>>> print(open('my_file.txt').read())   # compact mmCIF, C-alpha atoms and all ligand atoms
# COMPACT_ATOMS: atom_id res chain seq x y z
CA VAL A 1 -177.56 -4.98 -163.99
CA GLN A 2 -177.43 -7.92 -166.37
CA VAL A 3 -176.63 -11.42 -165.06
CA ASP A 4 -176.47 -14.79 -166.75
CA ARG A 5 -178.60 -16.74 -164.31
CA LEU A 6 -180.77 -16.14 -161.27
CA TRP A 7 -181.86 -18.77 -158.75
CA ARG A 8 -184.80 -17.42 -156.76
CA ASN A 9 -187.31 -18.64 -154.18
CA ALA A 10 -184.57 -20.56 -152.36
CA ARG A 11 -183.36 -21.00 -148.80
CA LEU A 12 -179.64 -20.44 -148.51
CA ALA A 13 -177.11 -21.98 -146.15
CA THR A 14 -174.36 -19.57 -147.19
CA MET A 15 -171.76 -20.93 -144.70
CA ALA A 16 -170.68 -17.30 -144.27
CA GLY A 17 -170.88 -15.39 -141.01
CA GLU A 18 -172.42 -17.16 -138.00
CA GLY A 19 -173.28 -20.86 -138.09
CA LEU A 20 -174.66 -21.98 -141.42
CA GLY A 21 -175.36 -18.38 -142.47
CA ILE A 22 -179.02 -19.09 -143.20
CA VAL A 23 -180.99 -16.76 -145.48
CA GLU A 24 -184.70 -17.41 -145.92
CA ALA A 25 -186.41 -16.27 -149.14
CA GLY A 26 -183.02 -16.07 -150.80
CA ALA A 27 -181.65 -15.69 -154.30
CA ILE A 28 -178.32 -16.13 -156.05
CA ALA A 29 -177.27 -14.41 -159.25
CA ALA A 30 -174.34 -15.53 -161.42
CA ARG A 31 -172.32 -13.61 -163.96
CA ASN A 32 -169.36 -15.06 -165.87
CA GLY A 33 -169.36 -18.12 -163.59
CA ARG A 34 -169.10 -16.14 -160.38
CA ILE A 35 -171.63 -15.15 -157.75
CA ALA A 36 -172.82 -11.62 -158.44
CA PHE A 37 -175.37 -11.63 -155.61
CA ALA A 38 -176.26 -13.97 -152.74
CA GLY A 39 -178.80 -12.87 -150.18
CA ARG A 40 -182.45 -12.05 -149.60
CA GLU A 41 -184.46 -11.99 -152.79
CA ALA A 42 -186.11 -8.76 -151.59
CA GLU A 43 -182.67 -7.14 -151.61
CA LEU A 44 -181.78 -7.99 -155.22
CA PRO A 45 -180.41 -4.90 -156.98
CA LEU A 46 -183.17 -2.91 -158.64
CA GLY A 47 -183.34 -3.40 -162.38
CA LEU A 48 -181.45 -6.69 -162.26
CA ARG A 49 -182.13 -8.64 -165.45
CA ALA A 50 -181.27 -12.30 -165.83
CA ALA A 51 -180.88 -14.17 -169.11
CA GLU A 52 -182.34 -17.20 -167.30
CA THR A 53 -184.35 -17.37 -164.07
CA ILE A 54 -184.76 -20.60 -162.11
CA ASP A 55 -187.51 -20.99 -159.50
CA CYS A 56 -186.05 -23.20 -156.74
CA GLU A 57 -189.52 -23.78 -155.21
CA GLY A 58 -188.21 -23.26 -151.68
CA ARG A 59 -185.34 -25.72 -151.96
CA TRP A 60 -182.13 -25.33 -149.94
CA ILE A 61 -178.92 -24.18 -151.64
CA THR A 62 -175.49 -24.75 -150.12
CA PRO A 63 -172.07 -24.10 -151.60
CA GLY A 64 -170.98 -27.03 -153.75
CA LEU A 65 -169.37 -29.60 -151.44
CA ILE A 66 -165.58 -29.86 -151.31
CA ASP A 67 -163.72 -33.13 -150.76
CA CYS A 68 -160.37 -31.76 -149.56
CA HIS A 69 -158.46 -35.06 -149.15
CA THR A 70 -158.54 -37.92 -151.67
CA HIS A 71 -156.19 -40.41 -153.30
CA LEU A 72 -158.64 -41.26 -156.07
CA VAL A 73 -156.21 -41.69 -158.97
CA PHE A 74 -154.85 -45.23 -158.69
CA ALA A 75 -154.91 -48.62 -160.37
CA GLY A 76 -155.52 -52.07 -158.91
CA ASP A 77 -157.62 -53.48 -156.13
CA ARG A 78 -156.88 -54.09 -152.45
CA SER A 79 -160.02 -55.82 -151.26
CA ASP A 80 -157.77 -58.70 -150.14
CA GLU A 81 -156.53 -56.39 -147.40
CA PHE A 82 -160.08 -55.96 -146.18
CA GLU A 83 -160.20 -59.72 -145.71
CA ARG A 84 -156.74 -59.82 -144.11
CA ARG A 85 -157.69 -57.16 -141.59
CA LEU A 86 -160.86 -59.10 -140.80
CA ALA A 87 -158.56 -62.05 -140.09
CA GLY A 88 -156.58 -59.97 -137.61
CA GLU A 89 -153.70 -58.34 -139.49
CA THR A 90 -153.12 -54.62 -138.88
CA TYR A 91 -152.44 -51.90 -141.44
CA ALA A 92 -148.81 -51.79 -140.31
CA ASP A 93 -148.49 -55.63 -140.59
CA ILE A 94 -149.83 -55.51 -144.14
CA ALA A 95 -147.55 -52.60 -145.08
CA ARG A 96 -144.48 -54.42 -143.75
CA ALA A 97 -145.42 -57.52 -145.75
CA GLY A 98 -145.40 -55.58 -149.03
CA GLY A 99 -149.12 -54.78 -149.14
CA GLY A 100 -150.78 -51.46 -148.47
CA ILE A 101 -149.42 -48.50 -150.41
CA ALA A 102 -146.76 -50.70 -152.08
CA ALA A 103 -149.44 -52.90 -153.66
CA THR A 104 -151.14 -49.90 -155.23
CA VAL A 105 -147.77 -48.56 -156.37
CA ARG A 106 -147.08 -51.73 -158.36
CA ALA A 107 -150.42 -51.50 -160.18
CA THR A 108 -150.29 -47.72 -160.68
CA ARG A 109 -146.79 -47.78 -162.20
CA GLU A 110 -148.02 -50.23 -164.83
CA ALA A 111 -151.09 -48.16 -165.75
CA SER A 112 -151.12 -45.59 -168.57
CA GLU A 113 -152.43 -42.07 -168.02
CA ASP A 114 -155.57 -43.05 -169.97
CA ALA A 115 -156.10 -46.10 -167.77
CA LEU A 116 -155.67 -44.03 -164.61
CA VAL A 117 -158.25 -41.50 -165.84
CA ALA A 118 -160.69 -44.25 -166.83
CA ALA A 119 -160.36 -45.94 -163.44
CA ALA A 120 -160.81 -42.67 -161.55
CA LEU A 121 -163.87 -41.31 -163.38
CA PRO A 122 -166.48 -43.53 -161.66
CA ARG A 123 -165.10 -42.41 -158.28
CA VAL A 124 -165.34 -38.79 -159.39
CA ASP A 125 -168.88 -39.35 -160.65
CA ALA A 126 -169.94 -40.80 -157.30
CA LEU A 127 -168.79 -37.62 -155.59
CA LEU A 128 -170.42 -35.35 -158.16
CA ALA A 129 -173.73 -37.18 -157.67
CA GLU A 130 -173.80 -35.91 -154.11
CA GLY A 131 -173.12 -32.27 -154.87
CA VAL A 132 -169.31 -32.12 -154.81
CA THR A 133 -167.84 -29.35 -157.00
CA THR A 134 -164.17 -29.37 -155.91
CA ILE A 135 -162.00 -32.45 -155.31
CA GLU A 136 -158.46 -32.54 -154.01
CA VAL A 137 -156.47 -35.37 -155.61
CA LYS A 138 -153.10 -36.55 -154.36
CA SER A 139 -150.36 -38.42 -156.19
CA GLY A 140 -148.25 -40.80 -154.12
CA TYR A 141 -148.76 -44.16 -155.82
CA GLY A 142 -145.97 -43.70 -158.39
CA LEU A 143 -143.08 -43.11 -155.98
CA GLU A 144 -140.77 -42.37 -158.90
CA THR A 145 -140.79 -39.07 -160.71
CA GLY A 146 -142.23 -40.27 -164.03
CA ALA A 147 -145.09 -42.20 -162.45
CA GLU A 148 -145.86 -39.40 -159.99
CA LEU A 149 -146.10 -36.88 -162.83
CA ARG A 150 -148.35 -39.27 -164.74
CA GLN A 151 -150.69 -39.45 -161.75
CA LEU A 152 -150.80 -35.66 -161.50
CA ARG A 153 -151.51 -35.34 -165.23
CA ALA A 154 -154.32 -37.87 -164.87
CA ALA A 155 -155.71 -35.80 -161.98
CA ARG A 156 -155.63 -32.66 -164.09
CA ARG A 157 -157.45 -34.44 -166.91
CA LEU A 158 -160.32 -35.37 -164.59
CA GLY A 159 -161.11 -31.66 -164.46
CA ARG A 160 -161.37 -31.58 -168.25
CA GLU A 161 -163.51 -34.71 -168.49
CA ARG A 162 -166.03 -33.56 -165.88
CA PRO A 163 -167.47 -30.23 -164.66
CA VAL A 164 -165.51 -30.12 -161.39
CA SER A 165 -162.51 -28.24 -159.99
CA ILE A 166 -159.50 -30.41 -159.21
CA ALA A 167 -156.90 -29.35 -156.64
CA ALA A 168 -153.84 -31.53 -157.28
CA THR A 169 -151.38 -32.31 -154.48
CA TYR A 170 -147.97 -33.93 -154.89
CA LEU A 171 -147.55 -36.68 -152.30
CA GLY A 172 -144.21 -38.11 -153.42
CA ALA A 173 -143.34 -38.52 -149.74
CA HIS A 174 -146.10 -41.09 -149.23
CA ALA A 175 -143.81 -44.08 -148.70
CA VAL A 176 -140.30 -45.24 -149.50
CA PRO A 177 -140.63 -47.03 -152.87
CA PRO A 178 -140.64 -50.82 -152.53
CA GLY A 179 -137.02 -52.00 -152.66
CA GLY A 180 -135.90 -48.39 -153.04
CA ASP A 181 -133.10 -46.46 -151.39
CA ARG A 182 -134.54 -44.02 -148.87
CA ALA A 183 -132.00 -41.22 -149.22
CA ALA A 184 -131.86 -41.47 -153.00
CA TYR A 185 -135.65 -41.33 -153.24
CA LEU A 186 -135.84 -38.23 -151.03
CA ARG A 187 -133.18 -36.58 -153.19
CA SER A 188 -135.25 -37.34 -156.29
CA ILE A 189 -138.26 -35.65 -154.67
CA VAL A 190 -136.46 -32.41 -153.89
CA ASP A 191 -134.00 -32.22 -156.80
CA GLU A 192 -136.05 -33.72 -159.63
CA ALA A 193 -139.80 -33.98 -159.01
CA LEU A 194 -140.54 -30.74 -157.12
CA PRO A 195 -138.82 -28.42 -159.64
CA ARG A 196 -140.64 -30.08 -162.55
CA ILE A 197 -144.03 -30.08 -160.83
CA ALA A 198 -143.63 -26.41 -159.94
CA GLU A 199 -142.47 -25.56 -163.46
CA GLU A 200 -145.36 -27.38 -165.15
CA ARG A 201 -147.84 -26.29 -162.43
CA LEU A 202 -148.95 -29.89 -161.99
CA ALA A 203 -149.77 -29.45 -158.31
CA GLU A 204 -150.55 -26.52 -156.05
CA ALA A 205 -149.68 -28.24 -152.77
CA VAL A 206 -147.22 -30.77 -151.38
CA ASP A 207 -148.18 -33.38 -148.81
CA ALA A 208 -146.16 -35.95 -146.85
CA PHE A 209 -146.93 -39.02 -144.75
CA HIS A 210 -145.21 -38.40 -141.43
CA GLU A 211 -145.41 -41.70 -139.53
CA THR A 212 -143.17 -44.33 -138.01
CA ILE A 213 -143.94 -46.49 -141.09
CA ALA A 214 -143.23 -43.59 -143.48
CA PHE A 215 -141.14 -40.40 -143.15
CA THR A 216 -139.46 -38.75 -140.16
CA ALA A 217 -139.88 -35.14 -139.11
CA ASP A 218 -136.47 -34.19 -140.56
CA GLU A 219 -137.25 -35.86 -143.89
CA THR A 220 -140.65 -34.19 -144.05
CA ALA A 221 -139.12 -30.81 -143.19
CA ALA A 222 -136.58 -31.17 -146.00
CA VAL A 223 -139.37 -31.78 -148.52
CA PHE A 224 -141.47 -28.89 -147.18
CA GLU A 225 -138.59 -26.41 -147.30
CA VAL A 226 -138.06 -27.07 -150.99
CA ALA A 227 -141.81 -27.08 -151.72
CA GLN A 228 -142.20 -23.66 -150.10
CA ARG A 229 -139.20 -22.33 -151.98
CA HIS A 230 -141.14 -23.25 -155.14
CA GLY A 231 -144.17 -21.35 -153.85
CA MET A 232 -146.27 -24.41 -153.12
CA ARG A 233 -148.59 -24.85 -150.14
CA VAL A 234 -147.88 -27.70 -147.74
CA LYS A 235 -150.16 -30.10 -145.85
CA LEU A 236 -149.41 -33.19 -143.79
CA HIS A 237 -150.73 -36.66 -142.98
CA ALA A 238 -150.20 -36.32 -139.24
CA ASP A 239 -150.64 -38.31 -136.03
CA GLN A 240 -152.76 -41.04 -137.64
CA LEU A 241 -151.21 -44.07 -135.96
CA ASN A 242 -149.49 -42.44 -132.96
CA ASP A 243 -148.60 -39.00 -131.61
CA ASN A 244 -145.25 -38.17 -133.11
CA GLY A 245 -145.67 -34.41 -133.14
CA GLY A 246 -147.18 -34.23 -136.62
CA ALA A 247 -149.59 -31.41 -135.79
CA ALA A 248 -146.78 -29.24 -134.42
CA LEU A 249 -144.62 -30.07 -137.46
CA ALA A 250 -147.44 -28.98 -139.79
CA ALA A 251 -147.87 -25.79 -137.77
CA ARG A 252 -144.14 -25.05 -137.93
CA PHE A 253 -144.50 -24.80 -141.72
CA SER A 254 -147.84 -22.94 -141.56
CA ALA A 255 -149.39 -25.87 -143.41
CA VAL A 256 -152.84 -25.18 -144.85
CA SER A 257 -153.98 -28.43 -143.21
CA ALA A 258 -152.93 -31.31 -141.02
CA ASP A 259 -154.95 -34.43 -141.76
CA HIS A 260 -156.07 -37.51 -139.73
CA LEU A 261 -154.92 -36.28 -136.26
CA GLU A 262 -156.37 -39.19 -134.25
CA TYR A 263 -153.45 -39.03 -131.79
CA THR A 264 -152.86 -35.26 -131.79
CA SER A 265 -152.13 -33.73 -128.37
CA GLU A 266 -153.53 -30.58 -126.80
CA GLU A 267 -150.24 -28.80 -127.57
CA GLY A 268 -150.50 -29.93 -131.19
CA ALA A 269 -153.98 -28.44 -131.44
CA ALA A 270 -152.77 -25.18 -129.88
CA ALA A 271 -149.89 -24.97 -132.36
CA MET A 272 -152.28 -25.52 -135.27
CA ALA A 273 -154.51 -22.72 -134.02
CA ARG A 274 -151.59 -20.29 -133.88
CA ALA A 275 -150.50 -21.25 -137.40
CA GLY A 276 -154.00 -21.14 -138.91
CA THR A 277 -153.74 -24.80 -139.92
CA VAL A 278 -157.06 -26.56 -140.62
CA ALA A 279 -157.72 -29.93 -138.96
CA VAL A 280 -158.94 -32.35 -141.65
CA ILE A 281 -160.59 -35.33 -140.01
CA LEU A 282 -161.01 -38.55 -141.96
CA PRO A 283 -163.55 -40.79 -140.25
CA GLY A 284 -163.56 -43.26 -143.16
CA ALA A 285 -160.03 -44.44 -142.39
CA PHE A 286 -160.80 -44.45 -138.65
CA TYR A 287 -163.77 -46.72 -139.36
CA VAL A 288 -162.04 -49.07 -141.81
CA LEU A 289 -158.99 -49.49 -139.57
CA LYS A 290 -161.25 -49.95 -136.53
CA GLU A 291 -159.28 -47.25 -134.72
CA THR A 292 -160.34 -46.45 -131.20
CA CYS A 293 -158.36 -43.25 -130.57
CA LYS A 294 -160.39 -40.26 -131.78
CA PRO A 295 -159.10 -36.87 -132.91
CA PRO A 296 -159.24 -34.26 -130.11
CA ILE A 297 -162.32 -32.42 -131.37
CA GLU A 298 -162.87 -30.68 -128.02
CA ALA A 299 -159.31 -29.31 -128.09
CA PHE A 300 -159.79 -28.09 -131.67
CA ARG A 301 -162.95 -26.27 -130.60
CA ARG A 302 -161.30 -24.79 -127.51
CA HIS A 303 -158.36 -23.44 -129.50
CA GLY A 304 -160.46 -22.34 -132.47
CA VAL A 305 -158.96 -24.74 -135.03
CA PRO A 306 -161.25 -24.95 -138.10
CA ILE A 307 -162.33 -28.54 -138.71
CA ALA A 308 -162.81 -29.99 -142.21
CA VAL A 309 -164.13 -33.43 -143.14
CA ALA A 310 -162.98 -35.44 -146.17
CA THR A 311 -163.27 -38.95 -147.60
CA ASP A 312 -159.55 -39.89 -147.82
CA LEU A 313 -160.86 -41.94 -150.78
CA ASN A 314 -158.17 -44.60 -151.36
CA PRO A 315 -158.10 -48.30 -152.24
CA GLY A 316 -156.90 -49.57 -148.86
CA THR A 317 -157.78 -47.68 -145.72
CA SER A 318 -160.77 -45.66 -146.93
CA PRO A 319 -162.49 -47.21 -149.96
CA ILE A 320 -165.34 -44.71 -149.61
CA ALA A 321 -166.61 -42.52 -152.46
CA SER A 322 -169.14 -40.59 -150.36
CA LEU A 323 -168.35 -37.30 -148.67
CA ARG A 324 -171.82 -37.23 -147.13
CA LEU A 325 -171.20 -40.58 -145.47
CA CYS A 326 -167.95 -39.22 -144.05
CA GLY A 327 -169.82 -36.16 -142.74
CA HIS A 328 -172.30 -38.54 -141.14
CA MET A 329 -169.48 -40.57 -139.56
CA ALA A 330 -167.73 -37.40 -138.33
CA CYS A 331 -170.90 -36.76 -136.31
CA THR A 332 -171.51 -40.31 -135.08
CA PHE A 333 -167.88 -41.28 -134.33
CA PHE A 334 -166.25 -37.96 -133.44
CA GLY A 335 -169.17 -35.97 -132.07
CA LEU A 336 -169.27 -33.15 -134.58
CA THR A 337 -172.51 -31.21 -134.67
CA VAL A 338 -174.36 -31.14 -137.99
CA PRO A 339 -173.37 -27.49 -138.63
CA GLU A 340 -169.73 -28.42 -137.93
CA ALA A 341 -169.94 -31.29 -140.43
CA LEU A 342 -171.52 -29.09 -143.11
CA LEU A 343 -168.99 -26.29 -142.57
CA GLY A 344 -166.31 -28.99 -142.70
CA MET A 345 -167.38 -29.99 -146.20
CA THR A 346 -167.64 -26.40 -147.48
CA ARG A 347 -166.06 -23.35 -145.87
CA HIS A 348 -163.34 -25.08 -143.82
CA ALA A 349 -162.58 -27.56 -146.61
CA ALA A 350 -161.92 -24.60 -148.92
CA ARG A 351 -159.48 -23.22 -146.38
CA ALA A 352 -157.77 -26.63 -146.09
CA LEU A 353 -156.96 -26.19 -149.79
CA GLY A 354 -155.95 -22.54 -149.46
CA ARG A 355 -158.85 -21.70 -151.79
CA GLU A 356 -161.06 -19.85 -149.32
CA ALA A 357 -161.01 -16.69 -151.46
CA ASP A 358 -162.60 -18.61 -154.34
CA ILE A 359 -164.95 -21.30 -152.98
CA GLY A 360 -166.61 -22.65 -149.84
CA THR A 361 -169.29 -20.02 -149.12
CA LEU A 362 -172.14 -18.35 -151.00
CA GLU A 363 -170.75 -14.84 -151.24
CA ALA A 364 -170.47 -12.33 -154.07
CA GLY A 365 -167.22 -12.70 -155.97
CA LYS A 366 -166.75 -16.42 -155.37
CA SER A 367 -167.10 -19.14 -157.97
CA CYS A 368 -170.79 -19.95 -158.48
CA ASP A 369 -170.53 -23.58 -157.34
CA LEU A 370 -173.84 -24.68 -155.82
CA ALA A 371 -175.61 -27.76 -154.54
CA ILE A 372 -179.41 -27.48 -154.62
CA TRP A 373 -181.10 -29.96 -152.29
CA ASN A 374 -184.48 -31.67 -151.98
CA VAL A 375 -184.46 -31.43 -148.19
CA GLU A 376 -186.59 -29.81 -145.53
CA ARG A 377 -183.55 -29.02 -143.36
CA PRO A 378 -179.79 -28.95 -144.12
CA ALA A 379 -179.28 -31.69 -141.50
CA GLU A 380 -180.79 -34.19 -143.96
CA ILE A 381 -177.68 -33.81 -146.13
CA VAL A 382 -175.61 -35.73 -143.57
CA ALA A 383 -178.32 -37.53 -141.58
CA TRP A 384 -179.10 -39.93 -144.44
CA ILE A 385 -176.83 -42.68 -145.74
CA GLY A 386 -177.41 -43.65 -149.36
CA PRO A 387 -178.40 -41.70 -152.47
CA ALA A 388 -178.00 -37.95 -152.04
CA PRO A 389 -181.17 -35.83 -151.89
CA LEU A 390 -179.60 -33.62 -154.57
CA HIS A 391 -181.83 -31.67 -156.96
CA ALA A 392 -179.11 -30.03 -159.05
CA ARG A 393 -175.40 -29.27 -159.07
CA VAL A 394 -174.07 -26.00 -160.44
CA TRP A 395 -170.42 -25.54 -161.34
CA ARG A 396 -169.06 -22.14 -162.31
CA GLY A 397 -172.54 -20.82 -162.87
CA GLU A 398 -173.71 -23.65 -165.15
CA THR A 399 -176.24 -26.30 -164.17
CA CYS A 400 -174.60 -29.70 -164.67
CA PRO A 401 -176.44 -32.49 -166.44
ZN ZN B 501 -154.70 -39.70 -147.08
>>> encode(input="my_file.txt", output="structure tokens", more="lines below")
Ligand SMILES: [Zn+2]
Amino acid sequence: VQVDRLWRNARLATMAGEGLGIVEAGAIAARNGRIAFAGREAELPLGLRAAETIDCEGRWITPGLIDCHTHLVFAGDRSDEFERRLAGETYADIARAGGGIAATVRATREASEDALVAAALPRVDALLAEGVTTIEVKSGYGLETGAELRQLRAARRLGRERPVSIAATYLGAHAVPPGGDRAAYLRSIVDEALPRIAEERLAEAVDAFHETIAFTADETAAVFEVAQRHGMRVKLHADQLNDNGGAALAARFSAVSADHLEYTSEEGAAAMARAGTVAVILPGAFYVLKETCKPPIEAFRRHGVPIAVATDLNPGTSPIASLRLCGHMACTFFGLTVPEALLGMTRHAARALGREADIGTLEAGKSCDLAIWNVERPAEIVAWIGPAPLHARVWRGETCP
């Protein structure tokens, strides 16, 4: 058997099977960018020859981390809102006064595709520096078809500028455009934007912001029905600011994920379990907004809902370009165990993107996306705040500079 590359003398947290799926004295072989073997070094196929062999000197290897919820393509700055919230204004107050999403929309509409890419690259680089190999990127700051498509094209280009997989999501239903007509905008989403995005394959999923300050259940359902007719996956910003049945709405459409979920009820968690919808928790926004209501982690566990953790990287409510920090906060604020946090940034995050057949675990056949760590135990990956103890990042079988 001939392979391109072999990593040996490693400890693997495969994220497959039980718990972290730990394999001591492990090895991984890659061929054509995919994992040809992952397991005990002693069980490598006889006669396996590698063009290159890398001695990992006992280091830990995990699947490359996956940030399954970001809004990292945007222009402008909203640090003024940080100061306004410190002075007592709420997110909803700021949104009603023309700030929040609307402020980013004004700046993003004025930015060229090149400018959007240039602004986003440092955020991407921060994630790559901590072992991330797949990033979901949402539109939603154009709120008119042309500007939304430009955001999605900028997202796609990030995957050409850097060795990383980008999963683009169309979030046209993020907010009603400032000064816009609600019904006319929703018609433009379903009649104009969705057919073009599907045709040009600019996004693989469609998301919506279902909240009292955004879109109703009926409006969200209308967008989802058309998205699914075009063969796109759906996911939902749900129950962030109050319980308005977002989790059940996501489940009704078999959404790959429902995200935020601070106010989700027991029934909502049960509906998600039946639908196979992943709970994506976003402790960065919870922290920045000084929320006190926590997502019902115990109910998710009881019903067997997979839990993923993401940054929600955005200029207002989660200006955080560190997935590890969000994993740390998921433990400290929401009570996740370290294995739950690590699975939430790998295996369950892959499922939240509908990409579980391709990424998220160290198993033969999957993309060879690896993070190789200078740690004694996997818990160090989320226990520390600050620079990542990353030794190397591998994307599609190639070690990244
Ligand atoms: Zn979000």
>>> residues_near_ligand(input="my_file.txt", ligand="ligand ZN 501 (chain B)", cutoff="10 Å", atoms="all atoms listed in the file", output="PyMOL selection string")
chain A and resi 69-72+137-138+140+171+174+207-209+236-238+240+259-260+282+285+310-314+317-318
>>> closest_residue(input="my_file.txt", among="A:Ile166, A:Tyr91, A:Ala221, A:Glu144", to="Ser188 of chain A", atoms="only C-alpha atoms")
A:Glu144
>>> closest_residue(input="my_file.txt", among="A:Gly268, A:Gly26, A:Gly47, A:Pro295", to="Leu249 of chain A", atoms="all atoms listed in the file")
A:Gly268
>>> atom_distance(input="my_file.txt", atom1="atom CA of Asp77 of chain A", atom2="atom CA of Arg160 of chain A")
25.3 Å
>>> residues_around(input="my_file.txt", residues="Glu113 of chain A", least_positions_apart="2", cutoff="9 Å", atoms="all atoms listed in the file", output="list in words")
Ala111, Ala115, Leu116, Val117, Ala118, Arg150, Gln151, Arg153 and Ala154 of chain A
>>> closest_residue(input="my_file.txt", among="A:Gln2, A:Thr332, A:Thr399, A:Thr212", to="Val176 of chain A", atoms="only C-alpha atoms")
A:Thr212
>>> closest_residue(input="my_file.txt", among="A:Tyr141, A:Trp60, A:Phe333, A:Trp7", to="Thr108 of chain A", atoms="only C-alpha atoms")
A:Tyr141
>>> atom_distance(input="my_file.txt", atom1="atom CA of Ala258 of chain A", atom2="atom CA of Ala273 of chain A")
11.2 Å
>>> residues_around(input="my_file.txt", residues="Ala248 of chain A", least_positions_apart="4", cutoff="8 Å", atoms="only C-alpha atoms", output="list in words")
Arg252, Glu267, Gly268, Ala269, Ala271 and Met272 of chain A
>>> residues_around(input="my_file.txt", residues="Ala129 of chain A", least_positions_apart="2", cutoff="10 Å", atoms="only C-alpha atoms", output="list of chain:residue names")
A:Val124, A:Asp125, A:Ala126, A:Leu127, A:Gly131, A:Val132, A:Thr133, A:Ser322, A:Pro387, A:Ala388, A:Pro389, A:Leu390, A:His391, A:Ala392, A:Arg393
>>> write_last_selection(input="my_file.txt", atoms="C-alpha atoms", output="PDB file, in the frame of the given file")
ATOM      1  CA  VAL A 124    -165.340 -38.790-159.390  1.00  0.00           C
ATOM      2  CA  ASP A 125    -168.880 -39.350-160.650  1.00  0.00           C
ATOM      3  CA  ALA A 126    -169.940 -40.800-157.300  1.00  0.00           C
ATOM      4  CA  LEU A 127    -168.790 -37.620-155.590  1.00  0.00           C
ATOM      5  CA  GLY A 131    -173.120 -32.270-154.870  1.00  0.00           C
ATOM      6  CA  VAL A 132    -169.310 -32.120-154.810  1.00  0.00           C
ATOM      7  CA  THR A 133    -167.840 -29.350-157.000  1.00  0.00           C
ATOM      8  CA  SER A 322    -169.140 -40.590-150.360  1.00  0.00           C
ATOM      9  CA  PRO A 387    -178.400 -41.700-152.470  1.00  0.00           C
ATOM     10  CA  ALA A 388    -178.000 -37.950-152.040  1.00  0.00           C
ATOM     11  CA  PRO A 389    -181.170 -35.830-151.890  1.00  0.00           C
ATOM     12  CA  LEU A 390    -179.600 -33.620-154.570  1.00  0.00           C
ATOM     13  CA  HIS A 391    -181.830 -31.670-156.960  1.00  0.00           C
ATOM     14  CA  ALA A 392    -179.110 -30.030-159.050  1.00  0.00           C
ATOM     15  CA  ARG A 393    -175.400 -29.270-159.070  1.00  0.00           C
TER      16      ARG A 393
END
>>> closest_residue(input="my_file.txt", among="A:Ala308, A:Val338, A:Leu143, A:Ala371", to="Cys68 of chain A", atoms="all atoms listed in the file")
A:Ala308
>>> residues_around(input="my_file.txt", residues="Phe224 of chain A", least_positions_apart="4", cutoff="8 Å", atoms="all atoms listed in the file", output="JSON, numbers by chain")
{"A": [206, 220, 228, 234, 253]}
>>> write_last_selection(input="my_file.txt", atoms="C-alpha atoms", output="CSV table (one decimal), in the frame of the given file")
chain,number,residue,atom,x,y,z
A,206,VAL,CA,-147.2,-30.8,-151.4
A,220,THR,CA,-140.6,-34.2,-144.0
A,228,GLN,CA,-142.2,-23.7,-150.1
A,234,VAL,CA,-147.9,-27.7,-147.7
A,253,PHE,CA,-144.5,-24.8,-141.7
>>> residues_around(input="my_file.txt", residues="segment 341-344 of chain A", least_positions_apart="5", cutoff="9 Å", atoms="all atoms listed in the file", output="PDB file with C-alpha atoms, in the frame of the given file")
ATOM      1  CA  MET A  15    -171.760 -20.930-144.700  1.00  0.00           C
ATOM      2  CA  GLY A  19    -173.280 -20.860-138.090  1.00  0.00           C
ATOM      3  CA  LEU A  20    -174.660 -21.980-141.420  1.00  0.00           C
ATOM      4  CA  LEU A  65    -169.370 -29.600-151.440  1.00  0.00           C
ATOM      5  CA  ILE A  66    -165.580 -29.860-151.310  1.00  0.00           C
ATOM      6  CA  VAL A 280    -158.940 -32.350-141.650  1.00  0.00           C
ATOM      7  CA  ILE A 281    -160.590 -35.330-140.010  1.00  0.00           C
ATOM      8  CA  PRO A 306    -161.250 -24.950-138.100  1.00  0.00           C
ATOM      9  CA  ILE A 307    -162.330 -28.540-138.710  1.00  0.00           C
ATOM     10  CA  ALA A 308    -162.810 -29.990-142.210  1.00  0.00           C
ATOM     11  CA  VAL A 309    -164.130 -33.430-143.140  1.00  0.00           C
ATOM     12  CA  ALA A 310    -162.980 -35.440-146.170  1.00  0.00           C
ATOM     13  CA  CYS A 326    -167.950 -39.220-144.050  1.00  0.00           C
ATOM     14  CA  GLY A 327    -169.820 -36.160-142.740  1.00  0.00           C
ATOM     15  CA  HIS A 328    -172.300 -38.540-141.140  1.00  0.00           C
ATOM     16  CA  ALA A 330    -167.730 -37.400-138.330  1.00  0.00           C
ATOM     17  CA  CYS A 331    -170.900 -36.760-136.310  1.00  0.00           C
ATOM     18  CA  LEU A 336    -169.270 -33.150-134.580  1.00  0.00           C
ATOM     19  CA  ALA A 349    -162.580 -27.560-146.610  1.00  0.00           C
ATOM     20  CA  ALA A 350    -161.920 -24.600-148.920  1.00  0.00           C
ATOM     21  CA  GLY A 360    -166.610 -22.650-149.840  1.00  0.00           C
ATOM     22  CA  PRO A 378    -179.790 -28.950-144.120  1.00  0.00           C
ATOM     23  CA  ALA A 379    -179.280 -31.690-141.500  1.00  0.00           C
ATOM     24  CA  ILE A 381    -177.680 -33.810-146.130  1.00  0.00           C
ATOM     25  CA  VAL A 382    -175.610 -35.730-143.570  1.00  0.00           C
TER      26      VAL A 382
END
